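Source file run35.cif; content: mmCIF, C-alpha atoms.
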```
data_target
loop_
_atom_site.label_atom_id
_atom_site.label_comp_id
_atom_site.auth_asym_id
_atom_site.auth_seq_id
_atom_site.Cartn_x
_atom_site.Cartn_y
_atom_site.Cartn_z
CA MET A 9 0.00 0.00 0.00
CA PRO A 10 1.12 3.57 -0.52
CA LEU A 11 2.49 5.67 2.30
CA TYR A 12 1.09 9.11 3.03
CA MET A 13 2.22 11.98 5.23
CA ASP A 14 -0.53 14.30 6.32
CA VAL A 15 -0.12 17.75 7.82
CA HIS A 16 -2.43 19.42 10.31
CA SER A 17 -2.20 23.11 11.27
CA ILE A 18 -3.89 24.01 14.54
CA ASP A 19 -4.19 27.70 15.40
CA GLY A 20 -2.86 28.55 18.85
CA GLY A 21 -0.65 25.49 19.16
CA VAL A 22 -1.38 21.95 20.17
CA ALA A 23 -0.54 19.76 23.17
CA VAL A 24 1.24 16.50 22.49
CA ASN A 25 -1.10 14.73 24.95
CA ASP A 26 -4.12 15.83 22.89
CA VAL A 27 -2.48 14.48 19.75
CA ALA A 28 -1.78 11.19 21.52
CA GLN A 29 -5.49 10.86 22.35
CA ALA A 30 -6.47 11.61 18.74
CA HIS A 31 -3.93 9.01 17.55
CA LEU A 32 -5.49 6.39 19.82
CA ALA A 33 -8.88 7.18 18.29
CA ASP A 34 -7.32 6.70 14.82
CA LEU A 35 -5.98 3.31 15.88
CA GLN A 36 -9.44 2.25 17.06
CA THR A 37 -11.01 3.27 13.73
CA GLN A 38 -8.35 2.42 11.13
CA ASP A 39 -9.25 -1.25 10.55
CA LEU A 40 -12.66 -0.25 9.18
CA TYR A 41 -10.90 1.37 6.20
CA GLY A 42 -7.84 -0.87 5.70
CA VAL A 43 -5.55 1.86 7.07
CA ARG A 44 -2.56 1.74 9.44
CA TYR A 45 -1.48 4.92 11.20
CA LEU A 46 2.22 4.27 11.80
CA ARG A 47 3.76 7.33 13.51
CA TYR A 48 3.15 10.97 14.20
CA TRP A 49 5.21 14.04 15.01
CA VAL A 50 4.15 17.20 16.82
CA ASP A 51 5.43 20.78 16.89
CA GLU A 52 3.42 22.04 19.86
CA GLY A 53 4.22 25.73 19.57
CA ALA A 54 3.65 25.93 15.82
CA GLY A 55 0.47 23.85 16.06
CA LYS A 56 1.73 21.35 13.48
CA VAL A 57 1.01 17.62 13.47
CA PHE A 58 2.42 15.20 10.89
CA CYS A 59 1.00 11.68 10.53
CA LEU A 60 2.55 8.80 8.60
CA VAL A 61 -0.09 6.40 7.34
CA ASP A 62 -0.20 3.26 5.23
CA ALA A 63 -3.50 3.38 3.34
CA PRO A 64 -5.10 2.15 0.13
CA ASP A 65 -5.61 5.81 -0.86
CA SER A 66 -5.55 9.27 0.70
CA GLY A 67 -9.34 9.30 0.99
CA ALA A 68 -9.28 6.30 3.31
CA ALA A 69 -6.72 8.03 5.54
CA GLU A 70 -8.91 11.14 5.64
CA ARG A 71 -12.03 9.11 6.50
CA VAL A 72 -10.29 7.61 9.54
CA HIS A 73 -9.38 11.06 10.90
CA ARG A 74 -12.87 12.42 10.18
CA GLU A 75 -14.65 9.53 11.89
CA ALA A 76 -12.21 9.08 14.77
CA HIS A 77 -11.99 12.69 15.97
CA GLY A 78 -12.94 15.13 13.21
CA LEU A 79 -9.47 16.67 12.85
CA VAL A 80 -8.84 16.27 9.13
CA ALA A 81 -5.50 17.16 7.59
CA ASP A 82 -4.82 20.37 5.70
CA ALA A 83 -2.77 18.42 3.15
CA ILE A 84 -1.91 14.80 2.40
CA PHE A 85 1.24 13.86 0.45
CA THR A 86 2.25 10.53 -1.08
CA VAL A 87 5.72 9.71 0.26
CA VAL A 88 8.40 7.08 -0.27
CA GLU A 89 10.38 5.87 2.72
CA GLY A 90 14.12 6.52 2.64
CA ALA A 91 17.05 5.71 4.87
#
```

Please lay out the structure from this file as structure tokens.
Amino acid sequence: MPLYMDVHSIDGGVAVNDVAQAHLADLQTQDLYGVRYLRYWVDEGAGKVFCLVDAPDSGAAERVHREAHGLVADAIFTVVEGA
């Protein structure tokens, strides 16, 4: 399956603990859409969250976020893993 990196921008910053809770909700929802959320990164002060996801298509990744917690990404990029 393709890999995707999505980017969220949250005005006013974001707490890593809140992102962790949203990620858990993704994990509980992902099997419904054949998706695997693999990792995420957070820049708390800038309000940026980056999620790495293995999904059949970007729409499936977006559906998981929408259903799990409603925080959809601003952009989703197809990526290839490097060293």

Inset, instruction - Would you list the residues near (2.5, 13.1, -0.5), meaning any protein, DNA or RNA residue with an atom at most 12 Å from that point in file coordinates, counting all atoms listed in the file, as a ChimeraX atom specification? - result: /A:10-15,58-62,65-66,83-89

Output of the above residues as a short mmCIF file (atom, residue, chain, number, x, y, z; two decimals), in the coordinates of the input, restricted to C-alpha atoms:
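Wrote it out as part.cif, contents follow:
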```
data_model
loop_
_atom_site.label_atom_id
_atom_site.label_comp_id
_atom_site.auth_asym_id
_atom_site.auth_seq_id
_atom_site.Cartn_x
_atom_site.Cartn_y
_atom_site.Cartn_z
CA PRO A 10 1.12 3.57 -0.52
CA LEU A 11 2.49 5.67 2.30
CA TYR A 12 1.09 9.11 3.03
CA MET A 13 2.22 11.98 5.23
CA ASP A 14 -0.53 14.30 6.32
CA VAL A 15 -0.12 17.75 7.82
CA PHE A 58 2.42 15.20 10.89
CA CYS A 59 1.00 11.68 10.53
CA LEU A 60 2.55 8.80 8.60
CA VAL A 61 -0.09 6.40 7.34
CA ASP A 62 -0.20 3.26 5.23
CA ASP A 65 -5.61 5.81 -0.86
CA SER A 66 -5.55 9.27 0.70
CA ALA A 83 -2.77 18.42 3.15
CA ILE A 84 -1.91 14.80 2.40
CA PHE A 85 1.24 13.86 0.45
CA THR A 86 2.25 10.53 -1.08
CA VAL A 87 5.72 9.71 0.26
CA VAL A 88 8.40 7.08 -0.27
CA GLU A 89 10.38 5.87 2.72
#
```

Exercise: region 30-33 of chain A partners within 10 Å, only C-alpha atoms, chain neighbours under 3 positions left out, as a tab-separated table (two decimals) with C-alpha atoms, in the coordinates of the input:
```
chain	number	residue	atom	x	y	z
A	24	VAL	CA	1.24	16.50	22.49
A	25	ASN	CA	-1.10	14.73	24.95
A	26	ASP	CA	-4.12	15.83	22.89
A	27	VAL	CA	-2.48	14.48	19.75
A	36	GLN	CA	-9.44	2.25	17.06
A	37	THR	CA	-11.01	3.27	13.73
A	38	GLN	CA	-8.35	2.42	11.13
A	45	TYR	CA	-1.48	4.92	11.20
A	46	LEU	CA	2.22	4.27	11.80
A	47	ARG	CA	3.76	7.33	13.51
A	48	TYR	CA	3.15	10.97	14.20
A	59	CYS	CA	1.00	11.68	10.53
A	72	VAL	CA	-10.29	7.61	9.54
A	73	HIS	CA	-9.38	11.06	10.90
A	75	GLU	CA	-14.65	9.53	11.89
A	76	ALA	CA	-12.21	9.08	14.77
A	77	HIS	CA	-11.99	12.69	15.97
A	78	GLY	CA	-12.94	15.13	13.21
A	79	LEU	CA	-9.47	16.67	12.85
```

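You will find CA of Val57 (chain A) at 18.2 Å from CA of Val43 (chain A).
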
Legend entry - the PyMOL selection byres ((chain A and resi 56) around 7) resolved against shown file, as a VMD selection string: chain A and resid 15 to 18 50 to 52 54 to 55 57 to 58

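Note that the spacing between CA of Ala28 (chain A) and CA of Arg44 (chain A) amounts to 15.4 Å.
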
Legend entry - Atom pair CA of Pro64 (chain A) / CA of Asp82 (chain A): separation (Å): 19.1 Å

Legend entry - Proximity to Asp19 (chain A) - best of A:Asp34, A:Gly53, A:Tyr41, A:Gly90, only C-alpha atoms: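 Looking at the shortest contact to Asp19 (chain A), the residue is A:Gly53.
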
Legend entry - Residue nearest Ala69 (chain A) among A:Met9, A:Gln29, A:Ala23, A:Ala91 (counting only C-alpha atoms):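 Going through A:Met9, A:Gln29, A:Ala23, A:Ala91 one by one, the smallest distance to Ala69 (chain A) is for A:Met9.
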